[in-house]
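J.: Structure supplied as structure23.txt; contents: compact mmCIF, C-alpha atoms.
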# COMPACT_ATOMS: atom_id res chain seq x y z
CA MET A 100 -32.15 -0.77 20.11
CA SER A 101 -32.04 0.98 16.77
CA VAL A 102 -34.86 -0.17 14.57
CA GLY A 103 -33.52 1.31 11.37
CA THR A 104 -35.72 1.09 8.30
CA SER A 105 -36.61 3.65 5.70
CA SER A 106 -39.84 4.60 7.48
CA ALA A 107 -40.17 7.90 9.29
CA PRO A 108 -38.57 8.08 12.75
CA GLY A 109 -41.85 9.14 14.32
CA ALA A 110 -43.61 6.07 12.94
CA ARG A 111 -40.92 3.81 14.31
CA ARG A 112 -41.11 5.32 17.77
CA ALA A 113 -44.87 5.13 17.83
CA ALA A 114 -44.83 1.47 16.76
CA ARG A 115 -42.25 0.46 19.35
CA PRO A 116 -43.78 -1.00 22.50
CA PRO A 117 -43.09 0.93 25.72
CA ALA A 118 -41.27 -1.98 27.33
CA SER A 119 -38.49 -2.06 24.71
CA ARG A 120 -35.07 -0.64 25.50
CA PRO A 121 -33.65 1.72 22.86
CA GLY A 122 -29.98 2.06 22.11
CA ASP A 123 -28.91 -1.60 22.26
CA HIS A 124 -27.13 -1.28 18.91
CA ALA A 125 -25.81 2.23 19.56
CA GLU A 126 -22.92 1.03 21.70
CA LEU A 127 -21.57 -1.01 18.78
CA GLY A 128 -22.30 1.65 16.19
CA ILE A 129 -24.38 -0.82 14.15
CA ASP A 130 -27.36 0.21 12.10
CA PRO A 131 -29.58 -2.83 11.39
CA ASP A 132 -30.32 -1.44 7.94
CA GLN A 133 -26.65 -1.91 7.08
CA LEU A 134 -26.82 -5.67 7.66
CA PRO A 135 -26.90 -7.84 4.52
CA ASP A 136 -29.43 -10.29 6.00
CA GLY A 137 -32.91 -9.70 7.29
CA LEU A 138 -33.02 -8.95 11.02
CA VAL A 139 -36.18 -9.19 13.11
CA VAL A 140 -36.03 -8.70 16.88
CA ALA A 141 -38.86 -9.23 19.35
CA ASP A 142 -38.85 -8.06 22.97
CA GLU A 143 -39.69 -10.02 26.12
CA HIS A 144 -43.39 -9.65 25.34
CA GLY A 145 -43.02 -11.11 21.86
CA ARG A 146 -43.57 -7.83 20.04
CA VAL A 147 -41.35 -6.76 17.13
CA ILE A 148 -38.99 -3.91 17.96
CA CYS A 149 -36.65 -4.20 14.96
CA PHE A 150 -37.48 -4.96 11.33
CA ASN A 151 -34.59 -3.91 9.12
CA THR A 152 -34.50 -3.01 5.44
CA ALA A 153 -33.34 -6.47 4.34
CA ALA A 154 -36.27 -8.02 6.23
CA VAL A 155 -38.64 -5.67 4.41
CA ARG A 156 -37.11 -6.70 1.07
CA ILE A 157 -37.25 -10.43 1.79
CA THR A 158 -40.74 -10.54 3.31
CA ALA A 159 -42.37 -7.67 1.36
CA VAL A 160 -43.88 -6.53 4.69
CA PRO A 161 -43.58 -2.76 5.39
CA ALA A 162 -41.61 -2.02 8.55
CA GLU A 163 -44.31 0.23 9.98
CA ARG A 164 -46.78 -2.65 9.74
CA ALA A 165 -44.46 -5.15 11.41
CA LEU A 166 -43.16 -2.99 14.27
CA GLY A 167 -45.20 -3.41 17.44
CA GLN A 168 -46.97 -6.55 16.22
CA ARG A 169 -46.70 -9.97 17.77
CA LEU A 170 -43.78 -11.85 16.23
CA GLU A 171 -45.94 -14.66 14.89
CA ALA A 172 -48.23 -12.10 13.19
CA ALA A 173 -45.44 -9.96 11.71
CA LEU A 174 -43.56 -13.05 10.52
CA PRO A 175 -46.12 -15.83 9.90
CA LEU A 176 -43.72 -18.63 9.01
CA GLU A 177 -44.64 -22.21 8.18
CA ASP A 178 -42.48 -25.29 7.73
CA LEU A 179 -42.46 -27.22 4.47
CA GLU A 180 -45.32 -29.39 5.74
CA GLY A 181 -47.59 -26.39 6.34
CA ARG A 182 -47.28 -26.28 10.15
CA ARG A 183 -46.99 -22.88 11.85
CA TRP A 184 -43.39 -22.52 12.95
CA TRP A 185 -43.89 -20.30 16.00
CA GLN A 186 -46.39 -22.71 17.52
CA LEU A 187 -43.92 -25.56 17.03
CA THR A 188 -40.92 -23.73 18.45
CA ASP A 189 -42.69 -21.71 21.18
CA PRO A 190 -39.63 -19.54 22.03
CA TYR A 191 -41.23 -17.87 25.07
CA GLY A 192 -42.95 -20.85 26.64
CA GLY A 193 -40.73 -23.73 25.62
CA LEU A 194 -37.81 -25.35 27.40
CA ALA A 195 -35.79 -22.85 29.41
CA ILE A 196 -32.50 -24.42 28.32
CA ARG A 197 -33.01 -23.71 24.61
CA VAL A 198 -30.86 -21.01 23.09
CA GLY A 199 -32.32 -20.81 19.58
CA GLN A 200 -33.18 -22.57 16.35
CA PRO A 201 -30.68 -23.67 13.66
CA GLU A 202 -31.07 -22.41 10.12
CA ARG A 203 -33.79 -24.10 8.12
CA ASN A 204 -35.98 -23.57 5.08
CA LEU A 205 -39.37 -22.06 5.94
CA LEU A 206 -42.22 -20.56 3.95
CA LEU A 207 -43.64 -17.05 3.99
CA PRO A 208 -47.27 -16.39 3.05
CA GLY A 209 -47.60 -17.04 -0.66
CA GLY A 210 -45.13 -19.92 -0.53
CA ARG A 211 -41.89 -17.97 -0.82
CA GLU A 212 -39.03 -19.95 0.73
CA VAL A 213 -36.52 -18.30 3.08
CA LEU A 214 -33.68 -19.44 5.29
CA VAL A 215 -34.48 -18.67 8.93
CA SER A 216 -32.49 -19.01 12.14
CA ALA A 217 -33.31 -17.71 15.62
CA ARG A 218 -31.47 -16.90 18.81
CA TYR A 219 -33.11 -16.68 22.24
CA VAL A 220 -31.47 -14.10 24.47
CA ARG A 221 -31.94 -14.59 28.22
CA THR A 222 -30.85 -12.31 31.04
CA ARG A 223 -29.58 -15.36 32.92
CA PRO A 224 -29.22 -19.06 32.13
CA THR A 225 -32.62 -20.80 32.05
CA GLY A 226 -34.25 -17.43 32.75
CA PRO A 227 -37.14 -15.95 30.75
CA VAL A 228 -36.50 -14.94 27.15
CA HIS A 229 -35.50 -11.28 26.97
CA ARG A 230 -35.15 -11.03 23.17
CA VAL A 231 -35.82 -13.27 20.17
CA VAL A 232 -33.43 -12.44 17.35
CA VAL A 233 -34.38 -13.83 13.94
CA THR A 234 -32.27 -13.69 10.79
CA LEU A 235 -33.69 -14.14 7.30
CA ARG A 236 -31.84 -14.98 4.11
CA ASP A 237 -33.05 -15.36 0.56
CA THR A 238 -32.69 -18.87 -0.81
CA GLU A 239 -31.97 -17.81 -4.40
CA ALA A 240 -28.17 -17.90 -4.07
CA ARG A 241 -28.31 -21.36 -2.52
CA ARG A 242 -30.73 -22.52 -5.20
CA ARG A 243 -28.40 -21.28 -7.93
CA THR A 244 -25.56 -23.25 -6.35
CA GLU A 245 -27.71 -26.36 -6.06
CA ARG A 246 -28.83 -26.02 -9.69
CA SER A 247 -25.24 -25.59 -10.78
CA HIS A 248 -24.20 -28.73 -8.92
CA ALA A 249 -27.15 -30.65 -10.38
CA GLU A 250 -26.25 -29.48 -13.88
CA LEU A 251 -22.63 -30.49 -13.33
CA ILE A 252 -23.66 -33.98 -12.23
CA ALA A 253 -26.03 -34.35 -15.18
CA THR A 254 -23.40 -33.11 -17.64
CA VAL A 255 -20.74 -35.43 -16.27
CA ALA A 256 -23.09 -38.41 -16.34
CA HIS A 257 -24.02 -37.65 -19.94
CA GLU A 258 -20.43 -37.10 -21.07
CA LEU A 259 -19.18 -40.26 -19.33
CA ARG A 260 -21.94 -42.51 -20.62
CA SER A 261 -20.95 -42.32 -24.29
CA PRO A 262 -17.22 -43.18 -24.05
CA LEU A 263 -17.75 -45.78 -21.32
CA THR A 264 -20.46 -47.48 -23.40
CA SER A 265 -18.06 -47.55 -26.33
CA VAL A 266 -15.18 -48.91 -24.24
CA LYS A 267 -17.39 -51.59 -22.72
CA GLY A 268 -18.89 -52.57 -26.08
CA PHE A 269 -15.61 -52.89 -27.95
CA THR A 270 -13.75 -54.70 -25.17
CA ALA A 271 -16.63 -57.16 -24.67
CA THR A 272 -16.77 -57.80 -28.43
CA LEU A 273 -13.02 -58.34 -28.68
CA LEU A 274 -12.99 -60.71 -25.71
CA ALA A 275 -15.89 -62.75 -27.06
CA LYS A 276 -14.93 -62.85 -30.74
CA TRP A 277 -11.21 -62.13 -30.90
CA GLU A 278 -10.46 -64.77 -33.53
CA ARG A 279 -13.13 -63.51 -35.92
CA PHE A 280 -11.56 -60.09 -36.52
CA THR A 281 -8.69 -59.16 -38.76
CA ASP A 282 -5.69 -57.30 -37.39
CA ASP A 283 -6.91 -54.07 -39.00
CA GLN A 284 -10.32 -54.43 -37.37
CA LYS A 285 -8.74 -55.12 -33.99
CA ARG A 286 -6.48 -52.09 -34.36
CA LEU A 287 -9.45 -49.84 -35.24
CA MET A 288 -11.44 -50.98 -32.21
CA LEU A 289 -8.46 -50.62 -29.86
CA GLU A 290 -7.74 -47.13 -31.21
CA THR A 291 -11.36 -46.21 -30.52
CA VAL A 292 -11.10 -47.57 -26.98
CA ASP A 293 -7.88 -45.61 -26.48
CA ALA A 294 -9.47 -42.36 -27.73
CA ASP A 295 -12.52 -42.85 -25.50
CA ALA A 296 -10.29 -43.55 -22.49
CA ASP A 297 -8.47 -40.27 -23.21
CA ARG A 298 -11.85 -38.51 -23.33
CA VAL A 299 -12.79 -39.88 -19.91
CA THR A 300 -9.40 -38.84 -18.54
CA ARG A 301 -9.85 -35.29 -19.86
CA LEU A 302 -13.30 -35.04 -18.30
CA ILE A 303 -12.02 -36.19 -14.91
CA ALA A 304 -9.18 -33.65 -15.16
CA GLU A 305 -11.75 -30.92 -15.89
CA LEU A 306 -13.78 -31.91 -12.84
CA LEU A 307 -10.69 -31.81 -10.63
CA ASP A 308 -9.79 -28.37 -12.03
CA ILE A 309 -13.30 -27.07 -11.32
CA SER A 310 -13.11 -28.38 -7.76
CA ARG A 311 -9.77 -26.64 -7.19
CA ILE A 312 -10.93 -23.39 -8.80
CA ASP A 313 -14.15 -23.27 -6.76
CA SER A 314 -12.28 -23.96 -3.52
CA GLY A 315 -9.38 -21.60 -4.31
CA ARG A 316 -6.86 -24.48 -4.25
CA LEU A 317 -5.64 -24.34 -7.85
CA GLU A 318 -1.85 -24.52 -7.58
CA VAL A 319 0.39 -22.64 -10.00
CA ARG A 320 3.94 -23.98 -10.36
CA ARG A 321 5.80 -21.14 -12.07
CA GLN A 322 8.63 -21.80 -14.49
CA PRO A 323 10.07 -19.85 -17.44
CA VAL A 324 7.66 -20.25 -20.36
CA ASP A 325 8.35 -19.52 -24.03
CA ILE A 326 4.79 -18.62 -24.98
CA GLY A 327 5.59 -18.36 -28.70
CA ALA A 328 7.03 -21.87 -28.78
CA ALA A 329 4.05 -23.18 -26.81
CA VAL A 330 1.62 -21.78 -29.37
CA GLY A 331 3.80 -23.17 -32.18
CA ARG A 332 3.55 -26.70 -30.73
CA HIS A 333 -0.25 -26.50 -30.71
CA ILE A 334 -0.30 -25.31 -34.32
CA GLN A 335 2.00 -28.16 -35.38
CA ALA A 336 -0.32 -30.66 -33.68
CA TYR A 337 -3.32 -29.32 -35.63
CA VAL A 338 -1.39 -29.45 -38.90
CA ALA A 339 -0.31 -33.02 -38.17
CA ALA A 340 -3.98 -33.87 -37.54
CA GLY A 341 -4.96 -32.61 -41.00
CA GLN A 342 -5.60 -28.87 -40.63
CA PRO A 343 -4.05 -26.78 -43.43
CA ALA A 344 -0.92 -24.99 -42.26
CA ASP A 345 -1.96 -21.72 -43.89
CA ARG A 346 -5.07 -21.57 -41.70
CA PHE A 347 -2.92 -20.45 -38.74
CA LEU A 348 -1.14 -17.11 -38.49
CA LEU A 349 1.19 -16.63 -35.52
CA ARG A 350 2.52 -13.12 -34.92
CA VAL A 351 4.98 -12.47 -32.11
CA GLN A 352 6.03 -8.94 -31.23
CA HIS A 353 9.60 -8.94 -29.90
CA PRO A 354 11.10 -8.37 -27.47
CA LEU A 355 8.82 -10.12 -25.00
CA PRO A 356 9.47 -9.93 -21.25
CA ASP A 357 10.37 -13.15 -19.46
CA LEU A 358 7.19 -15.01 -18.59
CA TRP A 359 7.02 -17.12 -15.45
CA ALA A 360 3.95 -19.33 -15.41
CA ASP A 361 2.80 -22.93 -15.03
CA PRO A 362 3.64 -24.46 -18.45
CA ASP A 363 1.07 -27.27 -18.20
CA LYS A 364 -1.75 -24.91 -17.30
CA ILE A 365 -0.77 -22.39 -19.98
CA ASP A 366 -0.83 -25.27 -22.48
CA GLN A 367 -4.34 -26.05 -21.22
CA VAL A 368 -5.43 -22.44 -21.80
CA LEU A 369 -3.90 -22.29 -25.27
CA GLY A 370 -5.30 -25.69 -26.22
CA ASN A 371 -8.82 -24.70 -25.21
CA LEU A 372 -8.79 -21.33 -26.98
CA LEU A 373 -7.31 -22.76 -30.18
CA GLU A 374 -9.74 -25.69 -30.13
CA ASN A 375 -12.65 -23.25 -29.84
CA ALA A 376 -11.32 -21.22 -32.77
CA VAL A 377 -10.79 -24.31 -34.96
CA ARG A 378 -14.01 -26.11 -34.00
CA HIS A 379 -16.46 -23.24 -33.78
CA GLY A 380 -14.80 -20.61 -35.98
CA GLU A 381 -14.19 -20.38 -39.69
CA GLY A 382 -11.40 -19.13 -41.92
CA ASN A 383 -8.00 -18.25 -40.53
CA VAL A 384 -7.03 -18.43 -36.87
CA THR A 385 -4.73 -15.58 -35.85
CA ILE A 386 -2.63 -15.65 -32.68
CA ASP A 387 -0.96 -12.40 -31.61
CA ILE A 388 1.58 -12.39 -28.77
CA THR A 389 2.57 -8.93 -27.57
CA PRO A 390 4.21 -7.28 -24.56
CA SER A 391 1.68 -5.55 -22.33
CA VAL A 392 1.14 -4.12 -18.87
CA SER A 393 -0.96 -5.46 -16.02
CA PRO A 394 -1.93 -3.91 -12.65
CA ARG A 395 -0.56 -5.81 -9.67
CA GLU A 396 -2.98 -6.52 -6.81
CA ARG A 397 -0.51 -5.58 -4.09
CA ASP A 398 0.09 -1.97 -5.12
CA GLY A 399 -2.19 -1.29 -8.10
CA ALA A 400 0.78 -0.12 -10.19
CA GLU A 401 1.27 -1.34 -13.75
CA HIS A 402 3.87 -4.04 -14.35
CA ALA A 403 5.19 -5.88 -17.38
CA ALA A 404 2.91 -8.52 -18.82
CA THR A 405 2.40 -10.66 -21.90
CA SER A 406 -0.86 -10.72 -23.86
CA VAL A 407 -2.06 -13.50 -26.15
CA THR A 408 -4.96 -12.84 -28.53
CA VAL A 409 -6.70 -15.66 -30.42
CA SER A 410 -9.04 -14.54 -33.21
CA ASP A 411 -11.07 -16.41 -35.81
CA GLU A 412 -13.21 -15.43 -38.79
CA GLY A 413 -16.36 -17.31 -37.89
CA PRO A 414 -19.80 -16.01 -36.95
CA GLY A 415 -18.51 -14.79 -33.59
CA ILE A 416 -20.36 -14.73 -30.29
CA PRO A 417 -23.76 -13.01 -30.04
CA GLU A 418 -23.63 -9.78 -28.06
CA GLU A 419 -26.20 -11.06 -25.56
CA SER A 420 -23.96 -14.07 -24.79
CA MET A 421 -20.74 -12.15 -24.15
CA ASN A 422 -21.29 -11.95 -20.40
CA ARG A 423 -21.93 -15.71 -20.11
CA VAL A 424 -18.96 -17.03 -22.08
CA PHE A 425 -16.84 -17.82 -19.01
CA THR A 426 -19.64 -19.38 -16.96
CA ARG A 427 -20.17 -23.10 -16.51
CA PHE A 428 -21.92 -25.00 -19.29
CA TRP A 429 -21.84 -22.19 -21.82
CA ARG A 430 -21.62 -23.62 -25.33
CA GLY A 431 -21.02 -21.52 -28.40
CA SER A 432 -22.66 -24.07 -30.69
CA LYS A 433 -24.20 -27.52 -30.73
CA ARG A 434 -20.94 -29.16 -31.74
CA GLY A 435 -20.38 -31.01 -28.50
CA GLY A 436 -18.21 -30.31 -25.48
CA THR A 437 -19.04 -30.05 -21.82
CA GLY A 438 -19.24 -26.26 -21.69
CA LEU A 439 -16.66 -26.26 -18.89
CA GLY A 440 -13.52 -25.35 -20.83
CA LEU A 441 -13.74 -21.55 -20.80
CA TYR A 442 -14.76 -21.55 -17.13
CA ILE A 443 -11.54 -23.46 -16.39
CA VAL A 444 -9.51 -21.18 -18.68
CA LYS A 445 -10.68 -18.12 -16.74
CA GLY A 446 -9.86 -19.83 -13.43
CA ILE A 447 -6.33 -20.70 -14.60
CA VAL A 448 -5.63 -17.20 -15.95
CA GLU A 449 -6.87 -15.56 -12.74
CA ALA A 450 -4.84 -18.00 -10.62
CA HIS A 451 -1.78 -16.55 -12.41
CA GLY A 452 -2.92 -13.04 -11.47
CA GLY A 453 -4.00 -12.34 -15.05
CA THR A 454 -7.18 -11.34 -16.86
CA ILE A 455 -9.10 -12.68 -19.85
CA THR A 456 -11.66 -10.95 -22.06
CA VAL A 457 -13.82 -11.83 -25.04
CA GLY A 458 -14.92 -9.64 -27.90
CA ARG A 459 -15.40 -9.45 -31.63
CA ALA A 460 -12.42 -9.89 -33.96
CA PRO A 461 -11.76 -7.39 -36.76
CA GLU A 462 -12.84 -10.07 -39.26
CA GLY A 463 -16.12 -10.57 -37.38
CA GLY A 464 -15.32 -13.76 -35.47
CA ALA A 465 -14.64 -14.34 -31.79
CA GLN A 466 -11.58 -12.85 -30.15
CA PHE A 467 -10.18 -14.03 -26.80
CA ARG A 468 -7.38 -12.09 -25.14
CA PHE A 469 -5.62 -13.07 -21.96
CA THR A 470 -2.89 -11.13 -20.19
CA LEU A 471 -0.41 -12.66 -17.75
CA PRO A 472 1.92 -10.72 -15.43
CA VAL A 473 5.49 -11.79 -16.13
CA GLY A 474 7.23 -11.22 -12.79
CA ALA A 475 9.38 -14.03 -11.43
CA PRO A 476 8.26 -15.94 -8.31
CA ALA A 477 8.82 -14.19 -5.00
CA TYR A 478 11.75 -16.43 -4.07
CA LEU A 479 13.61 -15.21 -7.19
CA ALA A 480 12.57 -11.57 -6.99
Output the file's structure in the form of structure tokens.

T.:
Amino acid sequence: MSVGTSSAPGARRAARPPASRPGDHAELGIDPDQLPDGLVVADEHGRVICFNTAAVRITAVPAERALGQRLEAALPLEDLEGRRWWQLTDPYGGLAIRVGQPERNLLLPGGREVLVSARYVRTRPTGPVHRVVVTLRDTEARRRTERSHAELIATVAHELRSPLTSVKGFTATLLAKWERFTDDQKRLMLETVDADADRVTRLIAELLDISRIDSGRLEVRRQPVDIGAAVGRHIQAYVAAGQPADRFLLRVQHPLPDLWADPDKIDQVLGNLLENAVRHGEGNVTIDITPSVSPRERDGAEHAATSVTVSDEGPGIPEESMNRVFTRFWRGSKRGGTGLGLYIVKGIVEAHGGTITVGRAPEGGAQFRFTLPVGAPAYLA
């Protein structure tokens, strides 16, 4: 068995017990140091014959110190209740029908948590253990995922509480005291309930989008899209809501190639980027639509694309935050929002085979630019 680590070959050979059999990995052409997870292998006598580079990194134990030691000494693991794991599992003296241990959280000396699983290799069924193969994985990636899920739950709970409290309060008041209110008062309360119901609906739609993006199940229903007209509709909606018409500048460079995309999802992208520019930016909001090129995944060659750039004149995004803009829960200011919008925008653009970037606008504000390949669906190509 190859016992690849960065230590000198002579040290590895000297540390290996005489009863081990070299070359077990050679037939497969596998070097244990190339494995992404920690690998620790003990022979039939319980002495370590392999301690790869990842195991050294995870445990902070030098390979030359681990090789040749008893497994329980080289890898002194404890469960979360402080009990010594090797004494509990007893791989060499336990039941002869056991084949290993499922992955579980265990503690290294110093309290560092790792994910550990073990496999017992026998020369024949129910025979003595010939090898104990242990894999180690860092828990940080799993912890990040768990923290992200916890943050998502907390954010959703917080965002749902406010509109649902409002809906419940107004409907209960109307039911109990309907006759006491004027028609104008009733209309105001019902309009508030309607707006809060829309807010809940949007949040649920965001959660569904996140679920589909994370699982790779976001569907794109491609149709011809007039991107200039789509932006124009959003601008008209802002003007109707009270924004000055001269705050928006739409520039379209013709001719544009035909764009095939999911119109609802492109509306979602445009709505989010324009809302960010209006809410968090200052001054004019400029939207540039230009023909572009985009590399295609299949062949790497450049193909026709359409780019949309949304710029504002506000304070912009701090340089240190640029790399976090498209992550979950990033907020550019304290002006509300779930911090999920730009994460969803990136997922939608990438589901179309496009790219999105963020930078600083010429006027100093934030500038978002997304590029979509314009090729027709395969069944029309």

J.: I'd like to know which of A:Leu289, A:Leu307, A:Ala172, A:Leu369 is closest to Ala328 of chain A, using all atoms listed in the file.

T.: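 Residue with the minimum atom-to-atom distance to Ala328 of chain A: A:Leu369.
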
J.: To one decimal place in Å, what is the distance between atom CA of Leu302 of chain A and atom CA of Gly453 of chain A?

T.: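 Separating atom CA of Leu302 of chain A from atom CA of Gly453 of chain A is a distance of 24.7 Å.
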
J.: If you measure from atom CA of Ala360 of chain A to atom CA of Ser406 of chain A, what distance in Å do you get, rounded to one decimal?

T.: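 Answer for the atom CA of Ala360 of chain A to atom CA of Ser406 of chain A separation: 13.0 Å.
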
J.: Extract, using only C-alpha atoms, all DNA, RNA and protein residues at most 12 Å from Thr158 of chain A, discarding same-chain residues fewer than 6 positions from it, and format them as a PyMOL selection string.

T.: chain A and resi 136-139+150-152+164-165+173-176+205-215+234-237

J.: How many Å separate atom CA of Gly181 of chain A from atom CA of Arg218 of chain A?

T.: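 These atoms are spaced 22.5 Å apart.
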
J.: Restricting the calculation to all atoms listed in the file: of A:Val409, A:Gly446, A:Ile388, A:Val232, which residue gets closest to Gln352 of chain A?

T.: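 With all atoms listed in the file as the atom set, the closest residue is A:Ile388.
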